[in-house]
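Structure file my_file.tsv with TSV, C-alpha atoms:
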chain	number	residue	atom	x	y	z
N	1094	MET	CA	10.38	24.38	6.25
N	1095	HIS	CA	7.70	22.38	7.94
N	1096	LYS	CA	8.09	20.49	11.20
N	1097	VAL	CA	6.33	17.16	11.65
N	1098	SER	CA	5.62	15.20	14.79
N	1099	MET	CA	8.87	13.21	14.63
N	1100	ASP	CA	10.90	16.45	14.43
N	1101	THR	CA	11.64	16.01	10.75
N	1102	LEU	CA	11.76	19.04	8.46
N	1103	VAL	CA	11.21	19.02	4.71
N	1104	VAL	CA	12.54	21.71	2.38
N	1105	GLU	CA	11.55	21.91	-1.29
N	1106	TRP	CA	13.77	23.26	-4.08
N	1107	GLY	CA	13.64	23.78	-7.82
N	1108	ASP	CA	10.49	24.05	-9.93
N	1109	ASP	CA	7.12	24.62	-8.28
N	1110	VAL	CA	5.12	21.48	-8.99
N	1111	LYS	CA	1.91	23.12	-7.78
N	1112	ALA	CA	1.79	24.78	-11.19
N	1113	VAL	CA	1.16	21.39	-12.85
N	1114	SER	CA	-0.83	19.71	-10.08
N	1115	GLU	CA	-4.00	19.63	-12.18
N	1116	ASP	CA	-2.25	18.10	-15.18
N	1117	GLU	CA	-1.20	14.50	-15.67
N	1118	ALA	CA	2.45	13.80	-14.85
N	1119	MET	CA	4.95	11.02	-14.34
N	1120	VAL	CA	7.18	11.48	-11.28
N	1121	LEU	CA	10.69	9.97	-11.43
N	1122	VAL	CA	12.35	9.60	-8.01
N	1123	ASN	CA	15.72	8.37	-6.73
N	1124	HIS	CA	15.36	5.58	-4.18
N	1125	GLN	CA	17.38	5.29	-0.97
N	1126	ALA	CA	15.05	3.80	1.66
N	1127	THR	CA	11.46	2.90	2.49
N	1128	GLY	CA	11.05	6.38	3.99
N	1129	ASP	CA	11.22	7.90	0.49
N	1130	VAL	CA	7.56	6.99	0.05
N	1131	CYS	CA	6.63	8.73	3.32
N	1132	THR	CA	8.62	11.82	2.32
N	1133	LEU	CA	6.81	12.09	-1.01
N	1134	MET	CA	3.40	11.49	0.55
N	1135	MET	CA	4.06	14.35	2.95
N	1136	CYS	CA	5.38	16.68	0.25
N	1137	LEU	CA	2.33	16.19	-1.92
N	1138	GLN	CA	-0.22	16.96	0.79
N	1139	ASP	CA	-0.24	20.66	-0.11
N	1140	LYS	CA	-0.32	20.13	-3.89
N	1141	GLY	CA	-4.08	20.30	-4.39
N	1142	THR	CA	-6.04	17.13	-5.12
N	1143	VAL	CA	-3.15	15.26	-6.72
N	1144	VAL	CA	-2.35	13.27	-3.57
N	1145	ARG	CA	-5.76	11.59	-3.87
N	1146	GLN	CA	-5.41	11.04	-7.62
N	1147	MET	CA	-2.03	9.41	-7.95
N	1148	MET	CA	-0.79	5.91	-8.60
N	1149	TRP	CA	2.38	4.45	-7.10
N	1150	LEU	CA	4.75	1.88	-8.55
N	1151	MET	CA	6.54	0.24	-5.63
N	1152	ASP	CA	8.69	-2.78	-5.00
N	1153	HIS	CA	6.56	-5.81	-4.12
N	1154	ILE	CA	8.11	-5.85	-0.63
N	1155	PHE	CA	5.92	-2.84	0.23
N	1156	LYS	CA	2.88	-5.07	-0.21
N	1157	TYR	CA	3.84	-6.74	3.08
N	1158	THR	CA	4.16	-3.53	5.08
N	1159	ASN	CA	1.40	-2.15	7.27
N	1160	PHE	CA	0.15	0.16	4.50
N	1161	GLY	CA	0.29	-2.53	1.80
N	1162	ILE	CA	-3.43	-3.33	2.03
N	1163	VAL	CA	-4.25	0.37	1.65
N	1164	SER	CA	-2.11	0.57	-1.49
N	1165	LEU	CA	-3.79	-2.53	-2.92
N	1166	ILE	CA	-7.23	-1.02	-2.39
N	1167	HIS	CA	-5.99	2.28	-3.81
N	1168	GLY	CA	-4.96	0.54	-7.03
N	1169	ASP	CA	-1.19	0.96	-6.82
N	1170	PHE	CA	1.12	-1.48	-8.60
N	1171	PHE	CA	3.68	-3.65	-6.84
N	1172	ILE	CA	6.49	-4.67	-9.16
N	1173	ARG	CA	8.81	-7.64	-8.68
N	1174	GLN	CA	12.45	-6.88	-9.44
N	1175	GLY	CA	14.91	-9.19	-11.15
N	1176	ARG	CA	15.69	-10.29	-14.67
N	1177	THR	CA	13.56	-13.44	-14.44
N	1178	HIS	CA	10.41	-11.42	-13.65
N	1179	ARG	CA	11.07	-8.36	-15.84
N	1180	ASP	CA	9.15	-9.13	-19.05
N	1181	GLN	CA	6.15	-10.54	-17.23
N	1182	GLN	CA	6.01	-7.58	-14.84
N	1183	LEU	CA	5.99	-5.09	-17.71
N	1184	VAL	CA	3.04	-6.89	-19.31
N	1185	LEU	CA	1.23	-6.85	-15.97
N	1186	LEU	CA	2.02	-3.15	-15.54
N	1187	LYS	CA	0.53	-2.30	-18.94
N	1188	ASP	CA	-2.62	-4.29	-18.11
N	1189	HIS	CA	-2.85	-2.59	-14.72
N	1190	LEU	CA	-2.59	0.90	-16.24
N	1191	GLU	CA	-5.25	0.12	-18.82
N	1192	LYS	CA	-7.59	-1.27	-16.17
N	1193	TYR	CA	-7.17	1.24	-13.35
N	1194	TYR	CA	-5.40	4.48	-14.33
N	1195	ARG	CA	-8.22	6.18	-16.23
N	1196	SER	CA	-11.11	4.38	-14.54
N	1197	ARG	CA	-9.93	5.70	-11.17
N	1198	ASN	CA	-9.22	9.18	-12.50
N	1199	ARG	CA	-5.51	9.14	-11.71
N	1200	LYS	CA	-3.38	12.19	-12.55
N	1201	TRP	CA	0.16	11.47	-11.37
N	1202	ILE	CA	2.09	8.23	-11.46
N	1203	VAL	CA	5.15	7.84	-9.23
N	1204	LEU	CA	7.97	5.40	-9.91
N	1205	PHE	CA	11.54	4.68	-8.80
N	1206	PRO	CA	13.40	3.87	-12.06
N	1207	GLU	CA	16.54	2.60	-10.31
N	1208	GLY	CA	14.67	-0.60	-9.53
N	1209	GLY	CA	15.77	-0.88	-5.90
N	1210	PHE	CA	17.43	0.86	-2.98
N	1211	LEU	CA	20.72	2.66	-3.59
N	1212	ARG	CA	22.65	0.54	-1.09
N	1213	LYS	CA	21.57	-2.67	-2.82
N	1214	ARG	CA	22.07	-1.62	-6.44
N	1215	ARG	CA	25.09	0.69	-6.31
N	1216	GLU	CA	27.81	-1.93	-6.77
N	1217	THR	CA	26.02	-3.66	-9.66
N	1218	SER	CA	25.25	-0.34	-11.32
N	1219	GLN	CA	28.85	0.84	-11.07
N	1220	ALA	CA	30.10	-2.42	-12.58
N	1221	PHE	CA	27.63	-2.05	-15.46
N	1222	ALA	CA	28.71	1.56	-15.98
N	1223	LYS	CA	32.39	0.60	-16.09
N	1224	LYS	CA	31.71	-2.19	-18.59
N	1225	ASN	CA	29.70	0.09	-20.87
N	1226	ASN	CA	31.81	3.26	-20.54
N	1227	LEU	CA	29.10	5.14	-18.63
N	1228	PRO	CA	29.60	7.69	-15.82
N	1229	PHE	CA	30.57	6.43	-12.36
N	1230	LEU	CA	27.70	7.27	-10.01
N	1231	LYS	CA	27.93	7.24	-6.24
N	1232	HIS	CA	24.72	8.85	-4.97
N	1233	VAL	CA	22.30	7.27	-7.46
N	1234	THR	CA	22.33	4.23	-9.76
N	1235	LEU	CA	21.69	3.93	-13.47
N	1236	PRO	CA	17.92	3.71	-14.04
N	1237	ARG	CA	16.10	0.91	-15.81
N	1238	LEU	CA	14.04	1.68	-18.89
N	1239	GLY	CA	11.18	-0.84	-18.75
N	1240	ALA	CA	8.51	0.71	-16.55
N	1241	THR	CA	9.16	4.25	-17.79
N	1242	GLN	CA	8.75	3.13	-21.39
N	1243	VAL	CA	5.53	1.23	-20.67
N	1244	ILE	CA	4.02	4.23	-18.88
N	1245	LEU	CA	4.88	6.64	-21.69
N	1246	LYS	CA	3.60	4.31	-24.39
N	1247	THR	CA	0.36	3.65	-22.53
N	1248	LEU	CA	-0.50	7.06	-21.09
N	1249	VAL	CA	0.93	9.73	-23.41
N	1250	ALA	CA	-1.40	11.11	-26.06
N	1251	PRO	CA	-0.20	10.71	-29.68
N	1252	GLN	CA	1.46	13.82	-31.12
N	1253	GLU	CA	1.62	14.75	-34.74
N	1254	ASN	CA	4.74	16.88	-34.46
N	1255	GLY	CA	6.22	15.68	-31.16
N	1256	THR	CA	8.60	12.89	-30.39
N	1257	LEU	CA	6.19	10.60	-28.56
N	1258	SER	CA	3.73	8.47	-30.47
N	1259	GLY	CA	2.29	6.33	-27.69
N	1260	GLY	CA	-1.09	6.67	-26.05
N	1261	ASP	CA	-2.55	3.16	-26.28
N	1262	LEU	CA	-5.03	3.91	-23.52
N	1263	LEU	CA	-5.84	7.37	-24.90
N	1264	ARG	CA	-6.77	5.92	-28.27
N	1265	LYS	CA	-9.23	3.60	-26.54
N	1266	GLU	CA	-10.92	6.28	-24.46
N	1267	GLY	CA	-10.34	9.52	-26.35
N	1268	LYS	CA	-10.98	11.69	-23.27
N	1269	SER	CA	-7.87	12.70	-21.32
N	1270	LYS	CA	-5.05	14.85	-22.68
N	1271	GLY	CA	-2.69	12.17	-21.40
N	1272	LEU	CA	0.57	12.67	-19.55
N	1273	GLN	CA	1.82	16.20	-20.09
N	1274	TRP	CA	4.82	16.44	-17.75
N	1275	VAL	CA	7.70	14.48	-16.32
N	1276	ILE	CA	8.65	15.64	-12.81
N	1277	ASP	CA	12.23	14.68	-12.02
N	1278	THR	CA	12.34	14.46	-8.21
N	1279	THR	CA	15.52	14.15	-6.15
N	1280	ILE	CA	15.42	13.34	-2.43
N	1281	ALA	CA	18.45	14.21	-0.30
N	1282	TYR	CA	19.11	13.32	3.34
N	1283	PRO	CA	21.79	15.01	5.49
N	1284	LYS	CA	25.05	13.03	5.53
N	1285	ALA	CA	23.45	10.68	2.99
N	1286	GLU	CA	21.65	8.87	5.83
N	1287	PRO	CA	18.14	8.02	4.58
N	1288	ILE	CA	15.09	7.57	6.80
N	1289	ASP	CA	13.17	4.29	6.80
N	1290	ILE	CA	9.50	3.73	7.59
N	1291	GLN	CA	10.24	2.55	11.14
N	1292	THR	CA	11.94	5.85	11.90
N	1293	TRP	CA	9.00	7.77	10.49
N	1294	ILE	CA	6.59	5.83	12.71
N	1295	LEU	CA	8.62	5.66	15.93
N	1296	GLY	CA	10.61	8.89	15.62
N	1297	TYR	CA	13.70	7.48	17.35
N	1298	ARG	CA	16.20	9.42	15.23
N	1299	GLN	CA	17.54	12.88	16.05
N	1300	PRO	CA	15.77	15.81	14.35
N	1301	THR	CA	16.80	16.04	10.71
N	1302	VAL	CA	16.01	17.88	7.49
N	1303	THR	CA	14.98	16.12	4.29
N	1304	HIS	CA	15.41	18.04	1.04
N	1305	VAL	CA	13.39	17.47	-2.15
N	1306	HIS	CA	14.34	18.98	-5.51
N	1307	TYR	CA	11.96	19.15	-8.51
N	1308	ARG	CA	12.62	19.70	-12.19
N	1309	ILE	CA	9.72	19.69	-14.67
N	1310	PHE	CA	10.03	18.55	-18.30
N	1311	PRO	CA	7.27	18.75	-20.96
N	1312	VAL	CA	6.52	15.20	-22.04
N	1313	LYS	CA	6.73	16.31	-25.68
N	1314	ASP	CA	10.48	16.76	-25.14
N	1315	VAL	CA	10.93	13.14	-24.04
N	1316	PRO	CA	12.09	10.83	-26.86
N	1317	ALA	CA	10.08	7.69	-27.59
N	1318	GLU	CA	12.67	5.53	-29.33
N	1319	PRO	CA	14.20	3.10	-26.78
N	1320	GLU	CA	17.84	4.03	-27.29
N	1321	ALA	CA	17.15	7.76	-27.16
N	1322	LEU	CA	14.83	7.34	-24.17
N	1323	THR	CA	17.53	5.35	-22.34
N	1324	SER	CA	20.04	8.16	-22.94
N	1325	TRP	CA	17.51	10.76	-21.79
N	1326	LEU	CA	16.77	8.78	-18.63
N	1327	TYR	CA	20.48	8.24	-17.92
N	1328	GLN	CA	21.04	11.98	-18.26
N	1329	ARG	CA	18.40	12.70	-15.63
N	1330	PHE	CA	20.20	10.48	-13.12
N	1331	ILE	CA	23.59	11.92	-14.01
N	1332	GLU	CA	22.06	15.31	-13.18
N	1333	LYS	CA	20.74	13.85	-9.93
N	1334	GLU	CA	24.30	12.75	-9.12
N	1335	ASP	CA	25.51	16.33	-9.66
N	1336	LEU	CA	22.66	17.72	-7.55
N	1337	LEU	CA	23.36	15.35	-4.68
N	1338	THR	CA	27.13	15.88	-4.85
N	1339	HIS	CA	26.57	19.63	-4.54
N	1340	PHE	CA	24.09	19.08	-1.72
N	1341	TYR	CA	26.39	16.84	0.32
N	1342	GLU	CA	29.24	19.33	-0.11
N	1343	THR	CA	27.29	22.52	0.64
N	1344	GLY	CA	24.08	21.53	2.45
N	1345	ALA	CA	21.95	23.02	-0.33
N	1346	PHE	CA	20.96	22.30	-3.91
N	1347	PRO	CA	22.58	24.47	-6.61
N	1348	PRO	CA	20.66	27.34	-8.23
N	1349	PRO	CA	18.99	26.78	-11.61
N	1350	GLN	CA	21.10	27.49	-14.67
N	1351	GLY	CA	21.40	31.21	-15.27
N	1352	GLN	CA	20.59	32.13	-11.66
N	1353	THR	CA	22.91	32.95	-8.78
N	1354	LYS	CA	20.81	31.79	-5.84
N	1355	ALA	CA	18.72	28.70	-5.15
N	1356	ILE	CA	15.36	29.36	-3.50
N	1357	SER	CA	13.90	26.93	-0.99
N	1358	ARG	CA	10.19	26.85	-0.14
N	1359	GLU	CA	8.27	26.25	3.05
N	1360	MET	CA	5.61	23.59	3.03
N	1361	THR	CA	2.12	24.19	4.35
N	1362	LEU	CA	0.63	21.07	5.89
N	1363	SER	CA	-2.38	20.54	8.09
N	1364	ASN	CA	-1.48	19.63	11.69
N	1365	LEU	CA	-4.65	17.54	11.78
N	1366	TRP	CA	-3.37	15.49	8.85
N	1367	LEU	CA	-0.02	14.96	10.56
N	1368	VAL	CA	-1.69	13.70	13.75
N	1369	ALA	CA	-4.03	11.46	11.75
N	1370	ILE	CA	-1.31	9.88	9.63
N	1371	GLN	CA	0.92	9.26	12.65
N	1372	SER	CA	-1.98	7.69	14.56
N	1373	LEU	CA	-2.83	5.52	11.58
N	1374	ALA	CA	0.79	4.37	11.38
N	1375	PHE	CA	0.81	3.30	15.03
N	1376	LEU	CA	-2.59	1.59	14.82
N	1377	SER	CA	-1.91	-0.22	11.55
N	1378	GLY	CA	1.53	-1.28	12.79
N	1379	GLY	CA	-0.05	-2.73	15.94
N	1380	MET	CA	-2.75	-4.53	13.98
N	1381	TRP	CA	-0.14	-5.95	11.58
N	1382	TYR	CA	1.93	-7.23	14.52
N	1383	CYS	CA	-1.12	-8.84	16.17
N	1384	LEU	CA	-2.09	-10.52	12.89
N	1385	PHE	CA	1.44	-11.85	12.46
N	1386	GLN	CA	1.43	-13.25	16.01
N	1387	TYR	CA	-1.96	-14.87	15.48
N	1388	LEU	CA	-0.90	-16.55	12.24
N	1389	TYR	CA	2.39	-17.66	13.77
N	1390	HIS	CA	0.65	-19.40	16.69
N	1391	CYS	CA	-1.97	-20.97	14.39
N	1392	LEU	CA	0.60	-22.34	11.96
N	1393	PHE	CA	3.41	-23.27	14.35
Written as structure tokens, that's how I'd like the structure from this file.
Amino acid sequence: MHKVSMDTLVVEWGDDVKAVSEDEAMVLVNHQATGDVCTLMMCLQDKGTVVRQMMWLMDHIFKYTNFGIVSLIHGDFFIRQGRTHRDQQLVLLKDHLEKYYRSRNRKWIVLFPEGGFLRKRRETSQAFAKKNNLPFLKHVTLPRLGATQVILKTLVAPQENGTLSGGDLLRKEGKSKGLQWVIDTTIAYPKAEPIDIQTWILGYRQPTVTHVHYRIFPVKDVPAEPEALTSWLYQRFIEKEDLLTHFYETGAFPPPQGQTKAISREMTLSNLWLVAIQSLAFLSGGMWYCLFQYLYHCLF
């Protein structure tokens, strides 16, 4: 476990993602609060160079946070949620991937397939599940297919004998091996009380432990056909539900199938990085507040 300046600990479980840190991967994450992004950023600091070579798909609301400008410069993609925006956003996502993913030498792409925070989507998801005879989920919501499908079709290399036949961008460039892994990532907070960005910056919450579970799938095992891909994606979140149910009942994730004990791992982070990121958060937050006040007085 690793202690950060706001007295938050992070414990990692499951597969060791360091083993695939030099390969291209898509990271699927459950979404509970704005602090999920901070948790992942911290977890990936000791995973080689991947933290500098990743692309994030985030809700457009993050564009208006104090790190939004940094993400824009970095080439991340802000996606607008809602049925009225869905088709247009998927076209924009495909264009964005073709323009920036390879040209900026990205390796990992992180997305939250649920399409919003758990507290906002749970009721709608449960109603949809009931109507379509799908499992009742409490700790996650049913994921949406769109962005995942676009990413696979655009970034996965064509396979002669595999199930995926995408790779639009690979056919154009003919250089990269394409996405090779899907990293199913599950974030769990004690008592199901997630941490938001404000808590990360100000540290006003009591010391807590955040748990992150990884499971790695070869991308060749991921189906390409929409109906099969939807079922595969649903199954991942049903498994997340089981993981989180076990965690909230026992305080730990269950052991992998065929094993009797789950192993947790300590993180190794640079104290200098922790001080720098916390200082940047305070400074950027202050600058954002001053800019807001200036614009408010100029306009009103």
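The set of protein, DNA and RNA residues with any counted atom at most 10 Å from (-6.1, 5.8, -3.0) (only C-alpha atoms) reads Val1144, Arg1145, Gln1146, Met1147, Met1148, Trp1149, Val1163, Ser1164, Leu1165, Ile1166, His1167, Gly1168, Asp1169, Arg1197 and Arg1199 of chain N.
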Give me a file of those residues, with C-alpha atoms, as a CSV table (one decimal), in the frame of the given file.
chain,number,residue,atom,x,y,z
N,1144,VAL,CA,-2.4,13.3,-3.6
N,1145,ARG,CA,-5.8,11.6,-3.9
N,1146,GLN,CA,-5.4,11.0,-7.6
N,1147,MET,CA,-2.0,9.4,-8.0
N,1148,MET,CA,-0.8,5.9,-8.6
N,1149,TRP,CA,2.4,4.4,-7.1
N,1163,VAL,CA,-4.2,0.4,1.6
N,1164,SER,CA,-2.1,0.6,-1.5
N,1165,LEU,CA,-3.8,-2.5,-2.9
N,1166,ILE,CA,-7.2,-1.0,-2.4
N,1167,HIS,CA,-6.0,2.3,-3.8
N,1168,GLY,CA,-5.0,0.5,-7.0
N,1169,ASP,CA,-1.2,1.0,-6.8
N,1197,ARG,CA,-9.9,5.7,-11.2
N,1199,ARG,CA,-5.5,9.1,-11.7
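The spacing separating atom CA of N:Lys1200 from atom CA of N:Leu1337 amounts to 28.1 Å.
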Where is the centre and how long are the edges: axis-aligned box on stretch 1276-1283 of chain N, 5 Å on each side, Å to one decimal, as AutoDock Vina command-line options:
--center_x 15.2 --center_y 14.5 --center_z -3.7 --size_x 23.1 --size_y 12.3 --size_z 28.3
Tell me which residues come within 12 Å of (7.9, -7.4, -15.6), as a PDB file with C-alpha atoms, keeping the file's coordinate frame, counting all atoms listed in the file in the file's coordinates.
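Just written: result_20.pdb:
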ATOM      1  CA  ASP N1152       8.690  -2.780  -5.000  1.00  0.00           C
ATOM      2  CA  HIS N1153       6.560  -5.810  -4.120  1.00  0.00           C
ATOM      3  CA  PHE N1170       1.120  -1.480  -8.600  1.00  0.00           C
ATOM      4  CA  PHE N1171       3.680  -3.650  -6.840  1.00  0.00           C
ATOM      5  CA  ILE N1172       6.490  -4.670  -9.160  1.00  0.00           C
ATOM      6  CA  ARG N1173       8.810  -7.640  -8.680  1.00  0.00           C
ATOM      7  CA  GLN N1174      12.450  -6.880  -9.440  1.00  0.00           C
ATOM      8  CA  GLY N1175      14.910  -9.190 -11.150  1.00  0.00           C
ATOM      9  CA  ARG N1176      15.690 -10.290 -14.670  1.00  0.00           C
ATOM     10  CA  THR N1177      13.560 -13.440 -14.440  1.00  0.00           C
ATOM     11  CA  HIS N1178      10.410 -11.420 -13.650  1.00  0.00           C
ATOM     12  CA  ARG N1179      11.070  -8.360 -15.840  1.00  0.00           C
ATOM     13  CA  ASP N1180       9.150  -9.130 -19.050  1.00  0.00           C
ATOM     14  CA  GLN N1181       6.150 -10.540 -17.230  1.00  0.00           C
ATOM     15  CA  GLN N1182       6.010  -7.580 -14.840  1.00  0.00           C
ATOM     16  CA  LEU N1183       5.990  -5.090 -17.710  1.00  0.00           C
ATOM     17  CA  VAL N1184       3.040  -6.890 -19.310  1.00  0.00           C
ATOM     18  CA  LEU N1185       1.230  -6.850 -15.970  1.00  0.00           C
ATOM     19  CA  LEU N1186       2.020  -3.150 -15.540  1.00  0.00           C
ATOM     20  CA  LYS N1187       0.530  -2.300 -18.940  1.00  0.00           C
ATOM     21  CA  ASP N1188      -2.620  -4.290 -18.110  1.00  0.00           C
ATOM     22  CA  HIS N1189      -2.850  -2.590 -14.720  1.00  0.00           C
ATOM     23  CA  GLY N1208      14.670  -0.600  -9.530  1.00  0.00           C
ATOM     24  CA  ARG N1237      16.100   0.910 -15.810  1.00  0.00           C
ATOM     25  CA  LEU N1238      14.040   1.680 -18.890  1.00  0.00           C
ATOM     26  CA  GLY N1239      11.180  -0.840 -18.750  1.00  0.00           C
ATOM     27  CA  ALA N1240       8.510   0.710 -16.550  1.00  0.00           C
ATOM     28  CA  THR N1241       9.160   4.250 -17.790  1.00  0.00           C
ATOM     29  CA  VAL N1243       5.530   1.230 -20.670  1.00  0.00           C
TER      30      VAL N1243
END
| said: What does the structure give for the distance between atom CA of N:Arg1358 and atom CA of N:Glu1115, in Å to one decimal? | reply: 20.0 Å
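A straight line drawn from atom CA of N:Ile1288 to atom CA of N:Thr1132 is 8.9 Å long.
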| query | Quick one: residues within 8 Å of N:Val1110, only C-alpha atoms counted, chain neighbours fewer than 2 positions away excluded, as a ChimeraX atom specification? | reply | /N:1108,1112-1114,1140,1276,1307,1309
| Which residue out of N:Ala1220, N:Leu1137, N:Leu1245, N:Met1119 has the minimum interatomic distance to N:Pro1319 when all atoms listed in the file are used? | N:Leu1245
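Distance check against N:Gln1328 using only C-alpha atoms: of N:Leu1230, N:Ala1355, N:Phe1205, N:Gly1344, the minimum falls on N:Leu1230.
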